[in-house]
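*Asks:* If you scroll down you'll find the structure; I have some questions about it.
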Amino acid sequence: MEKLMQYTFSKDERLCSEKILARLYESGFVISKYPLRLNVLLLTEEEFTELLTLGSPTGTKYKGVIELRAQISINASKKRLKRAVMRNRMKRILREIYRHKKHQIYTDLASSGKYAAIGLIYVGTSEMDYWELEKVFDKVRRNLRERIVAAAAPRAATGNSLEG
RNA sequence: AAGGCAGUUCGUUCUAUCGAUCCAUGCAAAUGGGUAGGAAAGUCCGGGCAACGCAGGGCGCCGCACUUCCUAACAGGAAGGAAAUUUCAUGACUUAGGUUAUGGGGUUGACAGAAAGUGUCACAGAGAGCUAUACCGCCCGUAAAGUUUACUUUGCAGGUAAGGGUGAAAAAGUGGGGUAAGAGCCCACUCGUUCUAGCGUGAGUUAGAAUUGGGACAAACCUUGCGGGUUGAAAGACCAAAUAUAUCCGGAUCAAAGGGCGGCCCGCUCAAUAGCUUGCUAGCCGGAAGGGUAGGUCGAUGGAGAUACGCCGUGAGGCAUAUCCAAGAUUAAUGAUAGAAAGCACGGCAAAACCGUGUCUACAGAACCCGGCUUACAGAACUGCCUUUUGU
RNA sequence: CGGGAUGUAGCGCAGCCCGGUAGCGCACUUGCAUGGGGUGCAAGGGGUCGUGAGUUCGAAUCUCGCCAUCCCGA
């Protein structure tokens, strides 16, 4: 039962704050594996709860069963993919992949006590299959776990640098 | 039956699992329902809507341009006119190739004005534009020479646009008369222009008369007529949050953000509320400038709305009645995966049925909303026309 | 979403307003000069003027429709 609940993708899981997005692309680190590109910004618990209340206008809290650990924004470049149909299709496939795989990222984040803002960008110039893209995503996710573990060890240093 | 052209319509469906968004019900959990196109595209026109501006007129700028109608409006559409082009039939001319006239059908287009003015017409050619132009040629006169004694050649002064040549284009065309040779110089027909009459709402058309008739380009400047206030949903209205008023302008206030003198810069001088460190700080309202915030609601989906039937109109379309509500996101939904079905193509067959195979099933994604235009589009169906073949 | 500009030889550009010959620099080829190379000099080749129509006797140029690229606007 709880397993099925993990596959949701509601508004609270999407990154909407302009402020955080600007910080993400300015000071977040990058994991790149063609045709995907991942911008990640690790956050503290206070920052993340503030982000959640900002997203909902009435200040209502997230009522899901599992605890949220990340917000994501999925994009496809207009320069790489000319047609709007292709851009929409790749974004939808990426969203489905993230929906099915996000619990693995959540467990990685929970093990080191971190929260994250993620920007997932499709930088390919042609369309791809769901299954091909899932393989690439797995590699990117494994890379991300190493980075999270590395960031958890010198915790104070990274936290200060993100503040500035 | 096949192919081509034009037009119209449609443009995949179902099931399972996991989701997204909106609406309704509900305290909640949840349940039920809706969810992309004909072009949503290009952003090429026209409107609605919003803010700001606005005495009236002129100039300028931009756009449009056969006629009548449709429309909220339009550079859109409908019907018509004239033209161009293509095809067929008939007639005439020609040795043939072909040319030309009339009529029918199809297609096409930003079809006002060149007799208001300016400009351009390369190269070639004698000459490229209001009574133009004489290179070759033709003709008259005259002078010289030659001789067959009425001709030839050359020069000079004229006439000539018929013939040659150049060019995209050479100053209406064809035929006849006329003449020294020629010429709309005269005549007939054709074309053009103007006028009159009939028909048509009108563009025009038909008939008659007059007329020598003054190229092309306005998608060159321009002229005439008509239209246009500017900006664009990032318009605009409101709520929340946040901040800092140094400075400048105007006003309110018992008073103060200054006044007076010399022509100006500038200098001198005088006056002023409260506080205290006695020369510094500080007060209200609106605007400019600067700073802060980066969230939400409305605008925003019931409309020049869709469907059906009836009437009017050649048609675009209009009127009346009935029924219906049919996407509404905002880091941006309308999906992903799997499996069937249907269509299509190919093969197994000569055909049908059936079976098998498949890198087949397009173009393409709302972003305030409508009316058009343009462009893209696998495949399917229907209608009209044309061509070819077969049968009667 | 709303504006604007550009497309010409392998590369960078001019010519377009006001129509008639497509040109400049670098690069390329050949020759000369040098013992050889560079440099220099001379000659030469190479362009559907992005694309499809229209106006015109004639279009890179004027007009319209498409295509591609780039730049602005919170």
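To be explicit about the labels: the chains of the structure tokens are called A, B, and onward in the order shown, and within each one the residues are counted from 1, while ligands get numbers from 1 in the order they are shown.
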Identify all chain B residues at most 12 Å from chain A by counting only C-alpha atoms (C1' of nucleotides); ligands do not count. Present them as a PyMOL selection string.
*Replies:* chain B and resi 17-21+28-29+36+40-41+240-241+293-297+330-337+363-366
*Asks:* Mind writing the picked residues with C-alpha atoms (C1' of nucleotides) as a PDB file, in the first residue's frame?
*Replies:*
```
ATOM      1  C1'   U B  17      -2.010  -0.391 -14.243  1.00  0.00           C
ATOM      2  C1'   C B  18       0.209   4.129 -12.448  1.00  0.00           C
ATOM      3  C1'   G B  19      -0.321   9.488 -12.617  1.00  0.00           C
ATOM      4  C1'   A B  20      -1.528  15.346 -13.800  1.00  0.00           C
ATOM      5  C1'   U B  21      -5.188  19.294 -13.785  1.00  0.00           C
ATOM      6  C1'   A B  28     -11.888  14.828   6.023  1.00  0.00           C
ATOM      7  C1'   A B  29     -10.598  10.368   3.583  1.00  0.00           C
ATOM      8  C1'   A B  36      -6.035  19.578 -26.379  1.00  0.00           C
ATOM      9  C1'   A B  40      -3.927  25.051 -31.488  1.00  0.00           C
ATOM     10  C1'   A B  41       1.453  26.813 -36.067  1.00  0.00           C
ATOM     11  C1'   A B 240      -0.712  40.056   1.245  1.00  0.00           C
ATOM     12  C1'   A B 241       4.419  40.588   2.368  1.00  0.00           C
ATOM     13  C1'   U B 293       9.225  42.362  -2.358  1.00  0.00           C
ATOM     14  C1'   A B 294       9.451  37.904  -6.286  1.00  0.00           C
ATOM     15  C1'   G B 295       3.524  35.262  -3.234  1.00  0.00           C
ATOM     16  C1'   G B 296      -1.777  35.170  -4.479  1.00  0.00           C
ATOM     17  C1'   U B 297      -6.856  36.660  -6.599  1.00  0.00           C
ATOM     18  C1'   U B 330       0.510  29.544 -15.027  1.00  0.00           C
ATOM     19  C1'   U B 331       8.332  26.346 -13.820  1.00  0.00           C
ATOM     20  C1'   A B 332       3.042  25.690 -17.094  1.00  0.00           C
ATOM     21  C1'   A B 333      -2.075  19.926 -16.878  1.00  0.00           C
ATOM     22  C1'   U B 334      -4.445  17.352 -21.107  1.00  0.00           C
ATOM     23  C1'   G B 335       0.189  11.851 -19.976  1.00  0.00           C
ATOM     24  C1'   A B 336       3.443   7.083 -19.537  1.00  0.00           C
ATOM     25  C1'   U B 337       3.811   1.779 -20.051  1.00  0.00           C
ATOM     26  C1'   C B 363       1.239  17.530 -39.710  1.00  0.00           C
ATOM     27  C1'   A B 364       1.583  19.050 -35.214  1.00  0.00           C
ATOM     28  C1'   G B 365       0.564  21.139 -28.560  1.00  0.00           C
ATOM     29  C1'   A B 366      -3.954  25.970 -26.304  1.00  0.00           C
TER      30        A B 366
END
```
*Asks:* Tell me which protein, DNA and RNA residues are within 12 Å of B:U245, counting only C-alpha atoms (C1' of nucleotides), leaving out same-chain ones fewer than 6 positions away, and put them as a list in words.
*Replies:*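 So the residues in contact are A289, G290, G291 and G292 of chain B.
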*Asks:* Determine, counting only C-alpha atoms (C1' of nucleotides), which protein, DNA and RNA residues have an atom within 9 Å of an atom of stretch 68-73 of chain C; residues of the same chain fewer than 3 positions away are not included. Present the result as a PyMOL selection string.
*Replies:* chain C and resi 2-7+50
*Asks:* Take the residues from that selection and put them in a file with N, CA and C atoms (P, O5', C5', C4', C3', O3' and C1' of nucleotides), as a PDB file, in the first residue's frame.
*Replies:*
```pdb
ATOM      1  P     G C   2       2.243  37.293 -30.343  1.00  0.00           P
ATOM      2  O5'   G C   2       3.022  38.643 -30.091  1.00  0.00           O
ATOM      3  C5'   G C   2       2.362  39.758 -29.515  1.00  0.00           C
ATOM      4  C4'   G C   2       3.338  40.864 -29.215  1.00  0.00           C
ATOM      5  C3'   G C   2       4.180  41.322 -30.387  1.00  0.00           C
ATOM      6  O3'   G C   2       3.461  42.180 -31.245  1.00  0.00           O
ATOM      7  C1'   G C   2       5.537  41.086 -28.465  1.00  0.00           C
ATOM      8  P     G C   3       4.013  42.459 -32.717  1.00  0.00           P
ATOM      9  O5'   G C   3       5.185  43.480 -32.425  1.00  0.00           O
ATOM     10  C5'   G C   3       6.277  43.563 -33.315  1.00  0.00           C
ATOM     11  C4'   G C   3       7.398  44.335 -32.678  1.00  0.00           C
ATOM     12  C3'   G C   3       8.610  44.454 -33.574  1.00  0.00           C
ATOM     13  O3'   G C   3       8.468  45.539 -34.482  1.00  0.00           O
ATOM     14  C1'   G C   3       9.289  43.648 -31.488  1.00  0.00           C
ATOM     15  P     G C   4       8.674  45.254 -36.062  1.00  0.00           P
ATOM     16  O5'   G C   4      10.256  45.150 -36.211  1.00  0.00           O
ATOM     17  C5'   G C   4      11.066  46.230 -35.811  1.00  0.00           C
ATOM     18  C4'   G C   4      12.501  45.808 -35.620  1.00  0.00           C
ATOM     19  C3'   G C   4      13.196  45.219 -36.833  1.00  0.00           C
ATOM     20  O3'   G C   4      13.566  46.191 -37.792  1.00  0.00           O
ATOM     21  C1'   G C   4      13.758  43.983 -34.897  1.00  0.00           C
ATOM     22  P     A C   5      13.672  45.773 -39.349  1.00  0.00           P
ATOM     23  O5'   A C   5      15.046  44.957 -39.406  1.00  0.00           O
ATOM     24  C5'   A C   5      16.271  45.636 -39.218  1.00  0.00           C
ATOM     25  C4'   A C   5      17.402  44.664 -38.987  1.00  0.00           C
ATOM     26  C3'   A C   5      17.795  43.807 -40.173  1.00  0.00           C
ATOM     27  O3'   A C   5      18.607  44.504 -41.103  1.00  0.00           O
ATOM     28  C1'   A C   5      17.688  42.468 -38.229  1.00  0.00           C
ATOM     29  P     U C   6      18.568  44.114 -42.669  1.00  0.00           P
ATOM     30  O5'   U C   6      19.378  42.745 -42.730  1.00  0.00           O
ATOM     31  C5'   U C   6      20.767  42.727 -42.433  1.00  0.00           C
ATOM     32  C4'   U C   6      21.258  41.310 -42.224  1.00  0.00           C
ATOM     33  C3'   U C   6      21.179  40.402 -43.451  1.00  0.00           C
ATOM     34  O3'   U C   6      22.245  40.619 -44.354  1.00  0.00           O
ATOM     35  C1'   U C   6      20.384  39.252 -41.549  1.00  0.00           C
ATOM     36  P     G C   7      22.071  40.284 -45.932  1.00  0.00           P
ATOM     37  O5'   G C   7      22.107  38.694 -45.951  1.00  0.00           O
ATOM     38  C5'   G C   7      23.283  38.000 -45.574  1.00  0.00           C
ATOM     39  C4'   G C   7      23.035  36.504 -45.509  1.00  0.00           C
ATOM     40  C3'   G C   7      22.919  35.819 -46.870  1.00  0.00           C
ATOM     41  O3'   G C   7      23.579  34.557 -46.834  1.00  0.00           O
ATOM     42  C1'   G C   7      20.972  35.409 -45.596  1.00  0.00           C
ATOM     43  P     G C  50      20.243  34.940 -51.521  1.00  0.00           P
ATOM     44  O5'   G C  50      20.483  33.804 -50.447  1.00  0.00           O
ATOM     45  C5'   G C  50      21.067  32.553 -50.815  1.00  0.00           C
ATOM     46  C4'   G C  50      20.275  31.420 -50.241  1.00  0.00           C
ATOM     47  C3'   G C  50      19.038  31.026 -51.041  1.00  0.00           C
ATOM     48  O3'   G C  50      19.373  30.116 -52.069  1.00  0.00           O
ATOM     49  C1'   G C  50      18.460  31.262 -48.756  1.00  0.00           C
TER      50        G C  50
END
```
*Asks:* Find the residues near B:U230: any atom within 12 Å, counting only C-alpha atoms (C1' of nucleotides), skip ones fewer than 3 places away on the same chain, and give them as a ChimeraX atom specification.
*Replies:* /B:51-54
*Asks:* Excluding A:Gly124 and any residue of its chain fewer than 2 positions from it, enumerate the residues within 12 Å of it, using only C-alpha atoms (C1' of nucleotides), and give them as number ranges by chain.
*Replies:* A: 32-37, 75-82, 86-87, 90-91, 121-122, 126-128, 133
*Asks:* Keeping only N, CA, C and O atoms, write the selected residues to a file as a compact mmCIF listing (two decimals), in the first residue's frame.
*Replies:*
```txt
# COMPACT_ATOMS: atom_id res chain seq x y z
N SER A 32 26.28 15.64 -15.44
CA SER A 32 25.88 15.65 -16.84
C SER A 32 26.17 14.30 -17.46
O SER A 32 27.24 13.73 -17.28
N LYS A 33 25.16 13.76 -18.14
CA LYS A 33 25.33 12.50 -18.86
C LYS A 33 24.36 12.58 -20.04
O LYS A 33 23.15 12.58 -19.85
N TYR A 34 24.93 12.69 -21.26
CA TYR A 34 24.09 12.94 -22.43
C TYR A 34 23.02 11.87 -22.54
O TYR A 34 23.33 10.69 -22.40
N PRO A 35 21.77 12.19 -22.78
CA PRO A 35 21.25 13.53 -23.06
C PRO A 35 20.61 14.20 -21.85
O PRO A 35 19.70 15.00 -22.02
N LEU A 36 21.08 13.89 -20.66
CA LEU A 36 20.51 14.51 -19.46
C LEU A 36 21.53 15.42 -18.79
O LEU A 36 22.74 15.24 -18.95
N ARG A 37 20.99 16.38 -18.01
CA ARG A 37 21.84 17.29 -17.28
C ARG A 37 21.09 17.63 -16.00
O ARG A 37 19.91 17.99 -16.04
N ASN A 75 12.90 20.45 -17.62
CA ASN A 75 12.94 21.39 -18.74
C ASN A 75 13.49 20.72 -19.98
O ASN A 75 14.21 19.73 -19.91
N ALA A 76 13.14 21.31 -21.12
CA ALA A 76 13.75 20.91 -22.39
C ALA A 76 14.00 22.18 -23.18
O ALA A 76 13.15 23.04 -23.29
N SER A 77 15.20 22.30 -23.72
CA SER A 77 15.63 23.54 -24.36
C SER A 77 14.97 23.72 -25.72
O SER A 77 14.84 22.78 -26.50
N LYS A 78 14.56 24.95 -25.99
CA LYS A 78 13.94 25.26 -27.28
C LYS A 78 14.98 25.30 -28.39
O LYS A 78 14.64 25.10 -29.55
N LYS A 79 16.22 25.56 -28.00
CA LYS A 79 17.27 25.60 -29.03
C LYS A 79 17.60 24.21 -29.53
O LYS A 79 17.92 24.03 -30.71
N ARG A 80 17.54 23.22 -28.61
CA ARG A 80 17.88 21.86 -29.01
C ARG A 80 16.71 21.19 -29.72
O ARG A 80 16.89 20.54 -30.74
N LEU A 81 15.52 21.31 -29.15
CA LEU A 81 14.32 20.69 -29.72
C LEU A 81 13.41 21.80 -30.24
O LEU A 81 12.84 22.55 -29.48
N LYS A 82 13.28 21.85 -31.59
CA LYS A 82 12.57 22.96 -32.20
C LYS A 82 11.07 22.86 -31.97
O LYS A 82 10.41 23.86 -31.73
N MET A 86 7.74 17.79 -29.49
CA MET A 86 8.87 16.99 -29.02
C MET A 86 9.28 17.40 -27.61
O MET A 86 9.57 16.54 -26.76
N ARG A 87 9.31 18.71 -27.36
CA ARG A 87 9.67 19.19 -26.01
C ARG A 87 8.69 18.63 -24.98
O ARG A 87 9.08 18.12 -23.94
N MET A 90 9.28 14.77 -24.35
CA MET A 90 10.45 14.42 -23.55
C MET A 90 10.26 14.82 -22.09
O MET A 90 10.66 14.09 -21.18
N LYS A 91 9.61 15.96 -21.86
CA LYS A 91 9.34 16.37 -20.48
C LYS A 91 8.39 15.40 -19.80
O LYS A 91 8.55 15.07 -18.62
N ILE A 121 17.32 18.74 -16.92
CA ILE A 121 17.22 19.35 -18.26
C ILE A 121 17.53 18.29 -19.31
O ILE A 121 18.50 17.54 -19.18
N TYR A 122 16.72 18.25 -20.35
CA TYR A 122 16.98 17.37 -21.48
C TYR A 122 17.75 18.17 -22.52
O TYR A 122 17.26 19.17 -23.03
N SER A 126 17.38 15.00 -30.35
CA SER A 126 16.36 14.17 -30.98
C SER A 126 15.60 13.41 -29.90
O SER A 126 16.01 13.36 -28.75
N GLU A 127 14.48 12.79 -30.30
CA GLU A 127 13.64 12.09 -29.34
C GLU A 127 14.29 10.79 -28.89
O GLU A 127 15.12 10.22 -29.58
N MET A 128 13.89 10.32 -27.68
CA MET A 128 14.42 9.06 -27.15
C MET A 128 13.29 8.22 -26.59
O MET A 128 12.26 8.74 -26.18
N LEU A 133 16.01 6.07 -21.99
CA LEU A 133 16.19 7.24 -21.13
C LEU A 133 16.27 6.80 -19.65
O LEU A 133 16.99 7.40 -18.86
```
*Asks:* What separation in Å, quoted to one decimal, exists between atom C1' of B:U90 and atom C1' of B:G384?
*Replies:*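 So the answer is 27.9 Å.
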*Asks:* What separation in Å, quoted to one decimal, exists between atom C1' of B:U307 and atom C1' of B:A320?
*Replies:* 15.9 Å
*Asks:* Go through stretch 30-140 of chain A and collect every residue that DSSP, computed from the backbone, puts in strand (DSSP E); the answer should be as a list of chain:residue names.
*Replies:*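 In stretch 30-140 of chain A, DSSP puts these residues in strand (DSSP E): A:Val30, A:Ile31, A:Ser32, A:Lys33, A:Leu36, A:Arg37, A:Leu38, A:Asn39, A:Val40, A:Leu41, A:Leu42, A:Leu43, A:Ala70, A:Gln71, A:Ile72, A:Ser73, A:Ile74, A:Asn75, A:Ala76, A:Tyr115, A:Ala116, A:Ala117, A:Ile118, A:Gly119, A:Leu120, A:Ile121, A:Tyr122.
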*Asks:* Report, in Å to a single decimal, how far apart atom C1' of B:A300 and atom C1' of B:C238 are.
*Replies:*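 For atom C1' of B:C238 relative to atom C1' of B:A300, the distance reads 15.8 Å.
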*Asks:* Would you kindly return, as a PyMOL selection string, each protein, DNA or RNA residue with an atom no farther than 12 Å from any atom of B:U118, considering only C-alpha atoms (C1' of nucleotides) and excluding same-chain residues fewer than 5 positions away?
*Replies:* chain B and resi 220-222
